[in-house]
Every structure is written in C-alpha cells, then in structure tokens.
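S.K.: Pasting protein09.pdb here (PDB, C-alpha atoms):
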```pdb
MODEL        1
ATOM      1  CA  MET A1072     -59.705  -5.711 135.688
ATOM      2  CA  VAL A1073     -56.230  -4.592 136.668
ATOM      3  CA  ALA A1074     -55.830  -0.840 136.881
ATOM      4  CA  LYS A1075     -53.501   0.492 134.220
ATOM      5  CA  LYS A1076     -50.729   2.893 135.001
ATOM      6  CA  PRO A1077     -50.900   6.310 133.294
ATOM      7  CA  ALA A1078     -49.767   6.126 129.685
ATOM      8  CA  ASP A1079     -46.351   7.522 128.916
ATOM      9  CA  ARG A1080     -46.153  10.490 126.579
ATOM     10  CA  PRO A1081     -46.043   8.931 123.097
ATOM     11  CA  ASN A1082     -43.300   9.604 120.596
ATOM     12  CA  ALA A1083     -45.899   9.771 117.828
ATOM     13  CA  SER A1084     -48.314  12.300 116.388
ATOM     14  CA  LYS A1085     -52.057  12.269 116.921
ATOM     15  CA  GLU A1086     -52.524  11.275 113.274
ATOM     16  CA  ASP A1087     -50.124   8.345 113.591
ATOM     17  CA  LEU A1088     -51.718   7.072 116.804
ATOM     18  CA  LEU A1089     -55.197   7.246 115.290
ATOM     19  CA  LYS A1090     -53.930   5.438 112.193
ATOM     20  CA  TYR A1091     -52.393   2.622 114.256
ATOM     21  CA  TYR A1092     -55.544   2.420 116.380
ATOM     22  CA  ARG A1093     -57.772   2.069 113.307
ATOM     23  CA  GLU A1094     -55.529  -0.510 111.666
ATOM     24  CA  MET A1095     -55.213  -2.689 114.762
ATOM     25  CA  LEU A1096     -58.924  -2.414 115.479
ATOM     26  CA  LEU A1097     -59.748  -3.388 111.888
ATOM     27  CA  ILE A1098     -57.688  -6.553 112.279
ATOM     28  CA  ARG A1099     -59.301  -7.352 115.644
ATOM     29  CA  ARG A1100     -62.881  -6.829 114.412
ATOM     30  CA  PHE A1101     -62.201  -8.669 111.149
ATOM     31  CA  GLU A1102     -60.821 -11.676 113.009
ATOM     32  CA  GLU A1103     -63.740 -11.691 115.430
ATOM     33  CA  LYS A1104     -66.115 -11.776 112.453
ATOM     34  CA  ALA A1105     -64.057 -14.529 110.801
ATOM     35  CA  GLY A1106     -64.405 -16.556 113.993
ATOM     36  CA  GLN A1107     -68.172 -16.077 113.868
ATOM     37  CA  LEU A1108     -68.377 -17.139 110.222
ATOM     38  CA  TYR A1109     -66.259 -20.191 110.981
ATOM     39  CA  GLY A1110     -68.667 -21.151 113.757
ATOM     40  CA  MET A1111     -71.553 -20.802 111.304
ATOM     41  CA  GLY A1112     -69.872 -23.170 108.868
ATOM     42  CA  LEU A1113     -69.222 -20.486 106.262
ATOM     43  CA  ILE A1114     -65.439 -20.878 106.536
ATOM     44  CA  GLY A1115     -64.080 -24.384 106.080
ATOM     45  CA  GLY A1116     -60.747 -26.023 106.724
ATOM     46  CA  PHE A1117     -58.303 -24.311 109.055
ATOM     47  CA  CYS A1118     -58.611 -20.778 110.394
ATOM     48  CA  HIS A1119     -55.847 -19.233 112.524
ATOM     49  CA  LEU A1120     -56.806 -15.902 114.101
ATOM     50  CA  TYR A1121     -54.395 -13.022 114.783
ATOM     51  CA  ILE A1122     -56.250 -11.598 117.791
ATOM     52  CA  GLY A1123     -53.735 -10.207 120.312
ATOM     53  CA  GLN A1124     -50.797  -9.866 117.907
ATOM     54  CA  GLU A1125     -52.012  -6.834 115.944
ATOM     55  CA  ALA A1126     -49.231  -4.458 117.023
ATOM     56  CA  VAL A1127     -46.531  -6.523 115.312
ATOM     57  CA  VAL A1128     -47.710  -6.200 111.743
ATOM     58  CA  VAL A1129     -49.144  -2.690 112.114
ATOM     59  CA  GLY A1130     -45.898  -1.391 113.629
ATOM     60  CA  LEU A1131     -43.763  -2.914 110.891
ATOM     61  CA  GLU A1132     -46.028  -1.810 108.050
ATOM     62  CA  ALA A1133     -45.569   1.727 109.423
ATOM     63  CA  VAL A1134     -41.903   1.604 108.334
ATOM     64  CA  ALA A1135     -42.445  -0.108 104.974
ATOM     65  CA  LYS A1136     -42.355   1.688 101.635
ATOM     66  CA  ASP A1137     -43.733   0.920  98.183
ATOM     67  CA  GLY A1138     -41.872  -2.043  96.767
ATOM     68  CA  ASP A1139     -41.167  -3.715 100.106
ATOM     69  CA  LYS A1140     -42.408  -7.300 100.314
ATOM     70  CA  ARG A1141     -43.953  -9.438 102.999
ATOM     71  CA  ILE A1142     -44.381 -13.193 103.381
ATOM     72  CA  THR A1143     -45.775 -15.116 106.334
ATOM     73  CA  SER A1144     -47.282 -18.353 107.602
ATOM     74  CA  TYR A1145     -50.921 -19.356 107.970
ATOM     75  CA  ARG A1146     -51.816 -16.818 110.709
ATOM     76  CA  ASP A1147     -51.956 -14.281 107.932
ATOM     77  CA  HIS A1148     -55.205 -12.295 107.829
ATOM     78  CA  GLY A1149     -53.717  -9.472 109.890
ATOM     79  CA  HIS A1150     -50.759  -9.154 107.529
ATOM     80  CA  MET A1151     -53.099  -8.906 104.554
ATOM     81  CA  LEU A1152     -55.183  -6.137 106.061
ATOM     82  CA  ALA A1153     -52.161  -4.218 107.361
ATOM     83  CA  CYS A1154     -50.531  -4.079 103.929
ATOM     84  CA  GLY A1155     -53.695  -2.673 102.372
ATOM     85  CA  MET A1156     -55.513  -5.681 100.942
ATOM     86  CA  ASP A1157     -59.286  -5.201 100.678
ATOM     87  CA  PRO A1158     -61.226  -6.807 103.575
ATOM     88  CA  LYS A1159     -63.919  -7.826 101.085
ATOM     89  CA  GLY A1160     -61.479  -9.859  99.006
ATOM     90  CA  VAL A1161     -59.893 -11.386 102.100
ATOM     91  CA  MET A1162     -63.229 -12.422 103.612
ATOM     92  CA  ALA A1163     -64.471 -13.758 100.279
ATOM     93  CA  GLU A1164     -61.369 -15.924 100.051
ATOM     94  CA  LEU A1165     -61.856 -17.190 103.599
ATOM     95  CA  THR A1166     -65.353 -18.309 102.639
ATOM     96  CA  GLY A1167     -64.168 -19.921  99.398
ATOM     97  CA  ARG A1168     -65.895 -17.511  97.031
ATOM     98  CA  SER A1169     -64.861 -16.418  93.558
ATOM     99  CA  GLY A1170     -64.545 -12.788  94.721
ATOM    100  CA  GLY A1171     -61.614 -13.746  96.921
ATOM    101  CA  TYR A1172     -57.969 -12.919  96.329
ATOM    102  CA  SER A1173     -57.232 -16.470  95.134
ATOM    103  CA  LYS A1174     -60.622 -16.878  93.438
ATOM    104  CA  GLY A1175     -61.904 -18.941  96.358
ATOM    105  CA  LYS A1176     -59.348 -21.703  95.845
ATOM    106  CA  GLY A1177     -56.748 -20.749  98.438
ATOM    107  CA  GLY A1178     -58.720 -20.227 101.616
ATOM    108  CA  SER A1179     -57.292 -18.897 104.855
ATOM    109  CA  MET A1180     -53.725 -20.104 104.354
ATOM    110  CA  HIS A1181     -53.047 -19.376 100.696
ATOM    111  CA  MET A1182     -53.771 -15.837  99.622
ATOM    112  CA  PHE A1183     -51.604 -13.645  97.451
ATOM    113  CA  SER A1184     -51.580 -10.086  96.159
ATOM    114  CA  LYS A1185     -49.101  -8.955  93.544
ATOM    115  CA  ASP A1186     -50.313  -5.351  93.860
ATOM    116  CA  ARG A1187     -49.650  -5.235  97.609
ATOM    117  CA  HIS A1188     -46.452  -7.342  97.399
ATOM    118  CA  PHE A1189     -47.996  -9.948  99.689
ATOM    119  CA  TYR A1190     -46.546 -13.375  98.892
ATOM    120  CA  GLY A1191     -48.610 -15.606 101.184
ATOM    121  CA  GLY A1192     -49.858 -17.315 103.489
ATOM    122  CA  HIS A1193     -47.969 -20.647 103.660
ATOM    123  CA  GLY A1194     -49.283 -23.789 105.302
ATOM    124  CA  ILE A1195     -45.970 -25.644 105.658
ATOM    125  CA  VAL A1196     -44.319 -24.593 108.915
ATOM    126  CA  GLY A1197     -41.169 -22.575 108.217
ATOM    127  CA  ALA A1198     -41.378 -22.934 104.423
ATOM    128  CA  GLN A1199     -41.863 -19.208 103.929
ATOM    129  CA  VAL A1200     -38.481 -18.374 105.499
ATOM    130  CA  PRO A1201     -36.254 -19.462 102.593
ATOM    131  CA  LEU A1202     -38.837 -18.051 100.183
ATOM    132  CA  GLY A1203     -38.562 -14.692 101.942
ATOM    133  CA  ALA A1204     -34.808 -14.760 101.547
ATOM    134  CA  GLY A1205     -35.352 -15.511  97.871
ATOM    135  CA  LEU A1206     -37.533 -12.428  97.484
ATOM    136  CA  ALA A1207     -34.797 -10.368  99.141
ATOM    137  CA  PHE A1208     -32.195 -11.933  96.843
ATOM    138  CA  ALA A1209     -34.227 -10.758  93.840
ATOM    139  CA  ASP A1210     -34.225  -7.172  95.106
ATOM    140  CA  LYS A1211     -30.481  -7.247  95.757
ATOM    141  CA  TYR A1212     -29.919  -8.664  92.267
ATOM    142  CA  LEU A1213     -32.049  -5.870  90.780
ATOM    143  CA  GLY A1214     -30.075  -3.261  92.693
ATOM    144  CA  ASN A1215     -32.946  -1.521  94.506
ATOM    145  CA  ASP A1216     -33.282  -0.784  98.214
ATOM    146  CA  ASN A1217     -36.447  -2.777  98.876
ATOM    147  CA  VAL A1218     -36.748  -4.907 102.004
ATOM    148  CA  THR A1219     -38.591  -8.183 102.583
ATOM    149  CA  PHE A1220     -40.373  -8.822 105.891
ATOM    150  CA  THR A1221     -40.300 -12.574 106.532
ATOM    151  CA  TYR A1222     -42.634 -13.542 109.371
ATOM    152  CA  PHE A1223     -42.600 -16.846 111.274
ATOM    153  CA  GLY A1224     -43.426 -18.066 114.761
ATOM    154  CA  ASP A1225     -41.536 -19.457 117.726
ATOM    155  CA  GLY A1226     -42.525 -22.976 116.667
ATOM    156  CA  ALA A1227     -41.113 -22.513 113.164
ATOM    157  CA  ALA A1228     -37.956 -21.016 114.692
ATOM    158  CA  ASN A1229     -36.852 -24.567 115.542
ATOM    159  CA  GLN A1230     -36.991 -25.702 111.895
ATOM    160  CA  GLY A1231     -33.676 -26.543 110.230
ATOM    161  CA  GLN A1232     -34.488 -24.626 107.043
ATOM    162  CA  VAL A1233     -34.581 -21.404 109.090
ATOM    163  CA  TYR A1234     -30.907 -21.755 109.944
ATOM    164  CA  GLU A1235     -29.886 -22.741 106.433
ATOM    165  CA  THR A1236     -31.598 -19.531 105.374
ATOM    166  CA  TYR A1237     -29.847 -17.488 108.056
ATOM    167  CA  ASN A1238     -26.489 -18.713 106.786
ATOM    168  CA  MET A1239     -27.164 -17.814 103.150
ATOM    169  CA  ALA A1240     -28.875 -14.517 103.984
ATOM    170  CA  GLU A1241     -25.867 -13.316 105.990
ATOM    171  CA  LEU A1242     -23.382 -14.704 103.482
ATOM    172  CA  TRP A1243     -25.028 -12.634 100.729
ATOM    173  CA  ASN A1244     -26.039  -9.635 102.917
ATOM    174  CA  LEU A1245     -29.660  -9.995 101.856
ATOM    175  CA  PRO A1246     -32.124  -7.171 102.689
ATOM    176  CA  VAL A1247     -34.464  -9.377 104.696
ATOM    177  CA  VAL A1248     -35.949  -8.689 108.119
ATOM    178  CA  PHE A1249     -36.674 -11.990 109.847
ATOM    179  CA  VAL A1250     -39.637 -11.370 112.164
ATOM    180  CA  ILE A1251     -40.166 -14.036 114.817
ATOM    181  CA  GLU A1252     -43.703 -13.598 116.154
ATOM    182  CA  ASN A1253     -43.064 -15.285 119.489
ATOM    183  CA  ASN A1254     -46.535 -15.818 120.933
ATOM    184  CA  GLN A1255     -44.967 -18.277 123.404
ATOM    185  CA  TYR A1256     -46.945 -21.412 122.557
ATOM    186  CA  ALA A1257     -46.266 -22.412 118.928
ATOM    187  CA  MET A1258     -49.071 -24.856 118.110
ATOM    188  CA  GLY A1259     -49.642 -25.603 121.792
ATOM    189  CA  THR A1260     -46.232 -26.304 123.318
ATOM    190  CA  SER A1261     -44.813 -23.662 125.608
ATOM    191  CA  MET A1262     -41.487 -22.223 124.492
ATOM    192  CA  LYS A1263     -40.156 -23.266 127.905
ATOM    193  CA  ARG A1264     -40.710 -26.897 126.913
ATOM    194  CA  SER A1265     -39.417 -26.662 123.340
ATOM    195  CA  THR A1266     -36.040 -24.945 123.725
ATOM    196  CA  LYS A1267     -33.404 -24.078 126.309
ATOM    197  CA  SER A1268     -32.413 -20.959 124.374
ATOM    198  CA  PRO A1269     -33.171 -17.877 126.495
ATOM    199  CA  SER A1270     -34.182 -16.069 123.304
ATOM    200  CA  MET A1271     -34.775 -16.818 119.631
ATOM    201  CA  TRP A1272     -33.126 -13.803 118.027
ATOM    202  CA  GLU A1273     -29.730 -14.486 119.598
ATOM    203  CA  ARG A1274     -29.429 -17.690 117.592
ATOM    204  CA  GLY A1275     -28.619 -15.448 114.629
ATOM    205  CA  ALA A1276     -25.309 -14.511 116.269
ATOM    206  CA  ALA A1277     -23.853 -17.832 115.100
ATOM    207  CA  TYR A1278     -24.224 -16.519 111.546
ATOM    208  CA  GLY A1279     -23.253 -12.925 112.307
ATOM    209  CA  ILE A1280     -26.808 -11.606 112.045
ATOM    210  CA  GLN A1281     -27.815  -8.571 114.087
ATOM    211  CA  GLY A1282     -31.090  -8.527 115.977
ATOM    212  CA  GLU A1283     -33.037  -7.725 119.116
ATOM    213  CA  ALA A1284     -36.069  -8.649 121.181
ATOM    214  CA  VAL A1285     -39.022  -6.237 121.044
ATOM    215  CA  ASP A1286     -42.206  -5.711 123.056
ATOM    216  CA  GLY A1287     -44.592  -6.941 120.398
ATOM    217  CA  MET A1288     -47.605  -5.690 122.345
ATOM    218  CA  ASP A1289     -46.487  -2.043 121.926
ATOM    219  CA  VAL A1290     -46.951  -0.723 118.390
ATOM    220  CA  LEU A1291     -44.575   2.196 118.992
ATOM    221  CA  ALA A1292     -41.811  -0.111 120.236
ATOM    222  CA  VAL A1293     -42.355  -2.295 117.183
ATOM    223  CA  LYS A1294     -42.165   0.706 114.855
ATOM    224  CA  ALA A1295     -38.939   1.966 116.488
ATOM    225  CA  ALA A1296     -37.256  -1.436 116.175
ATOM    226  CA  GLY A1297     -38.562  -1.771 112.624
ATOM    227  CA  GLU A1298     -37.005   1.543 111.617
ATOM    228  CA  LYS A1299     -33.606   0.328 112.826
ATOM    229  CA  ALA A1300     -33.919  -3.036 111.082
ATOM    230  CA  VAL A1301     -35.120  -1.536 107.809
ATOM    231  CA  ALA A1302     -32.377   1.112 107.782
ATOM    232  CA  THR A1303     -29.778  -1.629 108.277
ATOM    233  CA  CYS A1304     -31.140  -3.635 105.346
ATOM    234  CA  ARG A1305     -31.536  -0.649 103.007
ATOM    235  CA  ALA A1306     -27.919   0.311 103.694
ATOM    236  CA  GLY A1307     -26.783  -3.119 102.482
ATOM    237  CA  ASP A1308     -25.942  -4.396 105.965
ATOM    238  CA  GLY A1309     -28.773  -6.908 106.295
ATOM    239  CA  PRO A1310     -30.201  -9.286 107.291
ATOM    240  CA  TYR A1311     -31.737  -8.426 110.670
ATOM    241  CA  ILE A1312     -33.753 -10.448 113.207
ATOM    242  CA  LEU A1313     -36.612  -9.003 115.262
ATOM    243  CA  GLU A1314     -38.060 -11.272 117.936
ATOM    244  CA  MET A1315     -41.495  -9.881 118.705
ATOM    245  CA  MET A1316     -42.631 -10.911 122.173
ATOM    246  CA  THR A1317     -46.361 -11.139 121.611
ATOM    247  CA  TYR A1318     -49.365 -13.230 122.629
ATOM    248  CA  ARG A1319     -52.394 -14.730 120.941
ATOM    249  CA  TYR A1320     -55.649 -14.678 122.872
ATOM    250  CA  ARG A1321     -57.342 -17.452 120.906
ATOM    251  CA  GLY A1322     -56.205 -21.016 120.326
ATOM    252  CA  HIS A1323     -53.665 -21.983 117.691
ATOM    253  CA  SER A1324     -56.568 -22.457 115.286
ATOM    254  CA  MET A1325     -60.348 -22.452 115.640
ATOM    255  CA  SER A1326     -60.227 -26.147 116.537
ATOM    256  CA  ASP A1327     -57.819 -25.622 119.460
ATOM    257  CA  PRO A1328     -59.388 -25.471 122.968
ATOM    258  CA  ALA A1329     -56.055 -24.106 124.328
ATOM    259  CA  LYS A1330     -56.107 -26.216 127.484
ATOM    260  CA  TYR A1331     -52.332 -25.836 127.826
ATOM    261  CA  ARG A1332     -52.730 -22.440 129.535
ATOM    262  CA  THR A1333     -55.084 -20.952 132.102
ATOM    263  CA  ARG A1334     -57.890 -18.500 131.545
ATOM    264  CA  GLU A1335     -56.283 -16.328 134.221
ATOM    265  CA  GLU A1336     -53.101 -16.064 132.155
ATOM    266  CA  VAL A1337     -54.995 -14.926 129.068
ATOM    267  CA  ASP A1338     -57.107 -12.470 131.058
ATOM    268  CA  LYS A1339     -53.998 -11.001 132.676
ATOM    269  CA  MET A1340     -52.425 -10.357 129.259
ATOM    270  CA  ARG A1341     -55.639  -8.805 127.959
ATOM    271  CA  SER A1342     -56.001  -6.491 130.938
ATOM    272  CA  GLU A1343     -52.357  -5.452 131.289
ATOM    273  CA  LYS A1344     -50.743  -5.685 127.846
ATOM    274  CA  ASP A1345     -53.418  -5.362 125.167
ATOM    275  CA  ALA A1346     -51.927  -3.494 122.183
ATOM    276  CA  ILE A1347     -55.132  -1.714 121.208
ATOM    277  CA  ASP A1348     -55.933  -0.650 124.762
ATOM    278  CA  HIS A1349     -52.406   0.783 125.048
ATOM    279  CA  VAL A1350     -52.925   3.130 122.090
ATOM    280  CA  ARG A1351     -56.429   3.902 123.312
ATOM    281  CA  ASP A1352     -54.949   5.017 126.640
ATOM    282  CA  LEU A1353     -52.372   7.189 124.870
ATOM    283  CA  LEU A1354     -55.107   8.905 122.868
ATOM    284  CA  LEU A1355     -57.466   9.459 125.791
ATOM    285  CA  GLN A1356     -54.954  10.429 128.468
ATOM    286  CA  GLY A1357     -53.093  12.666 126.021
ATOM    287  CA  GLY A1358     -56.291  14.512 125.143
ATOM    288  CA  LEU A1359     -55.855  13.475 121.484
ATOM    289  CA  ALA A1360     -59.262  11.824 121.188
ATOM    290  CA  SER A1361     -62.459  11.481 123.190
ATOM    291  CA  GLU A1362     -64.436   8.378 124.113
ATOM    292  CA  ASP A1363     -67.014   9.419 121.503
ATOM    293  CA  ASP A1364     -64.283   9.727 118.846
ATOM    294  CA  LEU A1365     -63.111   6.192 119.521
ATOM    295  CA  LYS A1366     -66.652   4.825 119.604
ATOM    296  CA  THR A1367     -67.225   6.364 116.179
ATOM    297  CA  ILE A1368     -64.066   4.712 114.847
ATOM    298  CA  ASP A1369     -65.194   1.350 116.220
ATOM    299  CA  LYS A1370     -68.657   1.791 114.707
ATOM    300  CA  ASP A1371     -67.180   2.620 111.292
ATOM    301  CA  ILE A1372     -64.840  -0.376 111.399
ATOM    302  CA  LYS A1373     -67.612  -2.764 112.430
ATOM    303  CA  ALA A1374     -69.681  -1.500 109.501
ATOM    304  CA  ARG A1375     -66.742  -2.073 107.163
ATOM    305  CA  VAL A1376     -66.239  -5.604 108.459
ATOM    306  CA  ASN A1377     -69.950  -6.398 108.209
ATOM    307  CA  GLU A1378     -69.886  -5.112 104.631
ATOM    308  CA  ALA A1379     -66.977  -7.468 103.896
ATOM    309  CA  ALA A1380     -68.904 -10.382 105.380
ATOM    310  CA  GLU A1381     -71.990  -9.595 103.274
ATOM    311  CA  PHE A1382     -69.819  -9.258 100.168
ATOM    312  CA  ALA A1383     -68.381 -12.701 100.887
ATOM    313  CA  LYS A1384     -71.816 -14.266 101.391
ATOM    314  CA  ASP A1385     -73.125 -12.720  98.159
ATOM    315  CA  SER A1386     -70.090 -13.685  96.086
ATOM    316  CA  PRO A1387     -70.678 -16.923  94.112
ATOM    317  CA  GLU A1388     -68.720 -20.094  94.689
ATOM    318  CA  PRO A1389     -66.153 -20.882  91.987
ATOM    319  CA  PRO A1390     -67.598 -22.896  89.084
ATOM    320  CA  LEU A1391     -66.552 -26.547  88.885
ATOM    321  CA  ALA A1392     -64.641 -25.778  85.667
ATOM    322  CA  ASP A1393     -62.185 -23.756  87.782
ATOM    323  CA  LEU A1394     -60.880 -27.002  89.271
ATOM    324  CA  TRP A1395     -58.723 -27.262  86.146
ATOM    325  CA  THR A1396     -57.420 -23.701  86.092
ATOM    326  CA  ASP A1397     -54.339 -22.203  87.792
ATOM    327  CA  ILE A1398     -52.844 -25.641  88.326
ATOM    328  CA  TYR A1399     -49.598 -24.845  86.522
ATOM    329  CA  ALA A1400     -47.837 -21.532  86.138
TER     330      ALA A1400
ENDMDL
END
```
What does this structure look like when you write it as structure tokens?

M.R.:
Amino acid sequence: MVAKKPADRPNASKEDLLKYYREMLLIRRFEEKAGQLYGMGLIGGFCHLYIGQEAVVVGLEAVAKDGDKRITSYRDHGHMLACGMDPKGVMAELTGRSGGYSKGKGGSMHMFSKDRHFYGGHGIVGAQVPLGAGLAFADKYLGNDNVTFTYFGDGAANQGQVYETYNMAELWNLPVVFVIENNQYAMGTSMKRSTKSPSMWERGAAYGIQGEAVDGMDVLAVKAAGEKAVATCRAGDGPYILEMMTYRYRGHSMSDPAKYRTREEVDKMRSEKDAIDHVRDLLLQGGLASEDDLKTIDKDIKARVNEAAEFAKDSPEPPLADLWTDIYA
C-alpha cells in the first residue's frame, strides 16, 4: 500500500463531503453486489460495472437541478443511483424481475426513469450522444434553462455520430454537457493505441465547443468543472465538453478478464487515486468524521444494498403475456 500524502483542505462543507462519500460508497457496494449476483447466475446477459468511476457521476449530479436530464451508455448503474433512482428497482431490473424499472424487460443496459429524467442506458456505442443533443434541443425549444448531461466513453469518442452531433450542438447553441468518461481502455484497447489525439475534449475546438480535461477521480474537481460547464449552458453559451480522466477497476464487462493491463497498474490506481478513499481522507484528516462514523455509514449502505438484492430475488419474473406489451409506443 502506497502511503498517501496528507489531504488538502477541502473546498466543501462537512455535509457535502459526507453526502458525496455516501453516494459514491452506495454505487461501489451496489456494483459489488451486482457482480456477486451475476456470478450466481441471477443476472443474465451483459453487466458493465462502474467500480472506480464513482466520482464522475456523483460530482456532476451535485451541480444538477430539477429538470436537468441525463443519458448514458451501458455502464449505467452508477448514473441511475446518483440521480436518485431506487436501488431496489435497479437491482430488480438487473435480475429481470417485474419490480424493475423496465418491468424486467430491459436488463442492465436499458433502464429508464421519467421521474428522475434518466433516459437510458443504451447498448449501441455512441448512440446516446445524438439523443442527448435531442433532449437539449427540446429544452431550448421550450425556453427553459435545463441542461442535459450526455455521457460516453473514450471508445465511443471515436464514433462519427459524435462529431456530427458536436457540429449541430454548437450550431444551435444547445444546452448539453458532453461528458467523456475516459477510463483509458474503451472495451479493451488502450487509448494510446486507438488515437494520436493528445486529448479527447480538444477535438471540440474544430466546432467551436469549449471544454477541459478534469481529474475524474476527485469528486470536488469534478463538481468545480461541472459548475462551470452548467453555468455556460444555462447562460445559452453551450455546449461544453468535459473529459473526465477516470479508471475502471474491473473489466469492460463481467466476461472480460482484462488481460490487456497489469494487476500492478490497477493496484497502483486503487492505492493512490481511489475517489472514495480521497473523500475518506478529507473527512478523517479534517476531523469531520471518525473511523466509527464511516464504519456506520458503510454498514448502513451494505444493509440497503442487501435489502435491494432481497427485493430483486423476491420480485416475480414478468409473465409470458408481457412479451407482447410495450413493443410499440
């Protein structure tokens, strides 16, 4: 274990730090449980875990307001939890049960919540990017100041539809924040092997889009960059690109052995850059919480996640008659 340097004095209140800690820890514990259920055969199909990237979505949700929208790819469980979706409904959907957000018919990749303005979960790489711009277009047309957070990865950032979307979004000044969750490996190909661009966000300059790279392992850095991006969009000067430099600890999906990187590399990131440990250090070294306080939080979150898992197991599978429902709008 590499010794950590003393935590800098945070530009955040005790209440905010504890909130971010709880939210990131909920995502981490939920995803760990999802991995267990997948191993037990209770989750079928694909399952892409968000472990390691928690600071990105928690930091950006900290600057969102009611009415703001979010859309993402298939590594989406963290986004659902961060925007306030019920862990019970999310876990039930993962296990294909009728108590899930899509009635057990969407699974890991295809969940939706109108109440929380969560528009998926999309399995086609990069497809959510033009859809996110469309959501932002609707808000501009309606004349409100809502913002859409459109998440995609470094792999999707090489898709042609992303750049068609950039062009139209800038042309129409759409209030969309393009969030590139750059976890460095896409599906399994290092960014160093997939592009010669030194960064992803700077590609937006060709269309006149503002942006910046952000330490996506630091929830406070994410929040600060998010405030700037959101203010730009609400003022009618959007879009904006945020390239979140982050890292996933698990494979691309549960079926990925991740042999394209070393265990030492993953361990080094965990020991030196872990987003949850960073906030934990701020709380402890700042005298804002004790070890016992944080153990209690972890215990409460584990109980909540276990409750979600039991809810999912107890929820019935959809009846066969539901095969013929929800096919058309």

S.K.: Given the point (-51.1, -15.2, 97.3) in the coordinates of this file, which residues lie within 12 Å, counting all atoms listed in the file, and how would they look as a compact mmCIF listing (two decimals) with C-alpha atoms, keeping the file's coordinate frame?

M.R.:
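See selection-v5.txt below for the written result:
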```txt
# COMPACT_ATOMS: atom_id res chain seq x y z
CA ARG A 1141 -43.95 -9.44 103.00
CA ILE A 1142 -44.38 -13.19 103.38
CA THR A 1143 -45.78 -15.12 106.33
CA SER A 1144 -47.28 -18.35 107.60
CA TYR A 1145 -50.92 -19.36 107.97
CA ASP A 1147 -51.96 -14.28 107.93
CA HIS A 1148 -55.20 -12.30 107.83
CA HIS A 1150 -50.76 -9.15 107.53
CA MET A 1151 -53.10 -8.91 104.55
CA MET A 1156 -55.51 -5.68 100.94
CA GLY A 1160 -61.48 -9.86 99.01
CA VAL A 1161 -59.89 -11.39 102.10
CA GLU A 1164 -61.37 -15.92 100.05
CA GLY A 1171 -61.61 -13.75 96.92
CA TYR A 1172 -57.97 -12.92 96.33
CA SER A 1173 -57.23 -16.47 95.13
CA LYS A 1174 -60.62 -16.88 93.44
CA GLY A 1175 -61.90 -18.94 96.36
CA LYS A 1176 -59.35 -21.70 95.84
CA GLY A 1177 -56.75 -20.75 98.44
CA GLY A 1178 -58.72 -20.23 101.62
CA SER A 1179 -57.29 -18.90 104.86
CA MET A 1180 -53.72 -20.10 104.35
CA HIS A 1181 -53.05 -19.38 100.70
CA MET A 1182 -53.77 -15.84 99.62
CA PHE A 1183 -51.60 -13.64 97.45
CA SER A 1184 -51.58 -10.09 96.16
CA LYS A 1185 -49.10 -8.96 93.54
CA ASP A 1186 -50.31 -5.35 93.86
CA ARG A 1187 -49.65 -5.24 97.61
CA HIS A 1188 -46.45 -7.34 97.40
CA PHE A 1189 -48.00 -9.95 99.69
CA TYR A 1190 -46.55 -13.38 98.89
CA GLY A 1191 -48.61 -15.61 101.18
CA GLY A 1192 -49.86 -17.32 103.49
CA HIS A 1193 -47.97 -20.65 103.66
CA GLY A 1194 -49.28 -23.79 105.30
```

S.K.: Within 8 Å of stretch 1304-1318 of chain A, which residues of stretch 1144-1255 of chain A come that close, and what is the closest atom pair and distance in Å for each? Count only C-alpha atoms and give it as JSON lines.

M.R.:
```
{"residue": "A:Asp1216", "atom": "CA", "partner": "A:Arg1305", "partner_atom": "CA", "distance": 5.1}
{"residue": "A:Asn1217", "atom": "CA", "partner": "A:Arg1305", "partner_atom": "CA", "distance": 6.8}
{"residue": "A:Val1218", "atom": "CA", "partner": "A:Cys1304", "partner_atom": "CA", "distance": 6.7}
{"residue": "A:Ala1240", "atom": "CA", "partner": "A:Pro1310", "partner_atom": "CA", "distance": 6.3}
{"residue": "A:Glu1241", "atom": "CA", "partner": "A:Pro1310", "partner_atom": "CA", "distance": 6.1}
{"residue": "A:Asn1244", "atom": "CA", "partner": "A:Gly1309", "partner_atom": "CA", "distance": 5.1}
{"residue": "A:Leu1245", "atom": "CA", "partner": "A:Gly1309", "partner_atom": "CA", "distance": 5.5}
{"residue": "A:Pro1246", "atom": "CA", "partner": "A:Cys1304", "partner_atom": "CA", "distance": 4.5}
{"residue": "A:Val1247", "atom": "CA", "partner": "A:Pro1310", "partner_atom": "CA", "distance": 5.0}
{"residue": "A:Val1248", "atom": "CA", "partner": "A:Tyr1311", "partner_atom": "CA", "distance": 4.9}
{"residue": "A:Phe1249", "atom": "CA", "partner": "A:Ile1312", "partner_atom": "CA", "distance": 4.7}
{"residue": "A:Val1250", "atom": "CA", "partner": "A:Leu1313", "partner_atom": "CA", "distance": 4.9}
{"residue": "A:Ile1251", "atom": "CA", "partner": "A:Glu1314", "partner_atom": "CA", "distance": 4.7}
{"residue": "A:Glu1252", "atom": "CA", "partner": "A:Met1315", "partner_atom": "CA", "distance": 5.0}
{"residue": "A:Asn1253", "atom": "CA", "partner": "A:Met1316", "partner_atom": "CA", "distance": 5.2}
{"residue": "A:Asn1254", "atom": "CA", "partner": "A:Tyr1318", "partner_atom": "CA", "distance": 4.2}
{"residue": "A:Gln1255", "atom": "CA", "partner": "A:Tyr1318", "partner_atom": "CA", "distance": 6.7}
```

S.K.: How would you write, as a list in words, the residues chosen by the PyMOL selection byres ((chain A and resi 1228-1232) around 10) on this structure?

M.R.: Val1196, Gly1197, Ala1198, Gln1199, Val1200, Pro1201, Phe1223, Gly1224, Asp1225, Gly1226, Ala1227, Val1233, Tyr1234, Glu1235, Thr1236, Tyr1237, Asn1238, Ile1251, Glu1252, Asn1253, Ala1257, Ser1265, Thr1266, Met1271, Trp1272 and Arg1274 of chain A

S.K.: With all atoms listed in the file as the atoms that count, which of A:Leu1120, A:Ala1207, A:Val1128, A:Ala1302 lies nearest to A:Leu1165?

M.R.: A:Leu1120

S.K.: Would you translate the PyMOL selection byres ((chain A and resi 1132) around 10) into the concrete set of residues it matches in this file, as a count of residues only?

M.R.: 21

S.K.: Please write the residues picked by the PyMOL selection byres ((chain A and resi 1379) around 10) on this file as a list in words.

M.R.: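 Going through the file, the PyMOL selection byres ((chain A and resi 1379) around 10) ends up selecting Phe1101, Lys1104, Asp1157, Pro1158, Lys1159, Gly1160, Val1161, Met1162, Ala1163, Lys1373, Ala1374, Arg1375, Val1376, Asn1377, Glu1378, Ala1380, Glu1381, Phe1382, Ala1383, Lys1384 and Asp1385 of chain A.
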
S.K.: How many Å separate atom CA of A:Cys1118 from atom CA of A:Arg1334?

M.R.: 21.3 Å

S.K.: Pick out the closest residue to A:Met1095 from this set: A:Thr1166, A:Thr1303, A:Thr1367, A:Gln1124. Count only C-alpha atoms.

M.R.: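 Smallest separation from A:Met1095 among the options: A:Gln1124.
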
S.K.: For A:Gly1275, which of A:Gly1357, A:Met1239, A:Val1301, A:Arg1099 is the closest residue, counting only C-alpha atoms?

M.R.: A:Met1239

S.K.: For stretch 1286-1293 of chain A, take all atoms listed in the file, fit an axis-aligned box around them, add 4 Å to each of the six sides, then output centre and edge lengths in Å rounded to one decimal, as JSON.

M.R.:
```
{"center_x": -44.7, "center_y": -2.4, "center_z": 120.1, "size_x": 13.8, "size_y": 17.1, "size_z": 13.9}
```
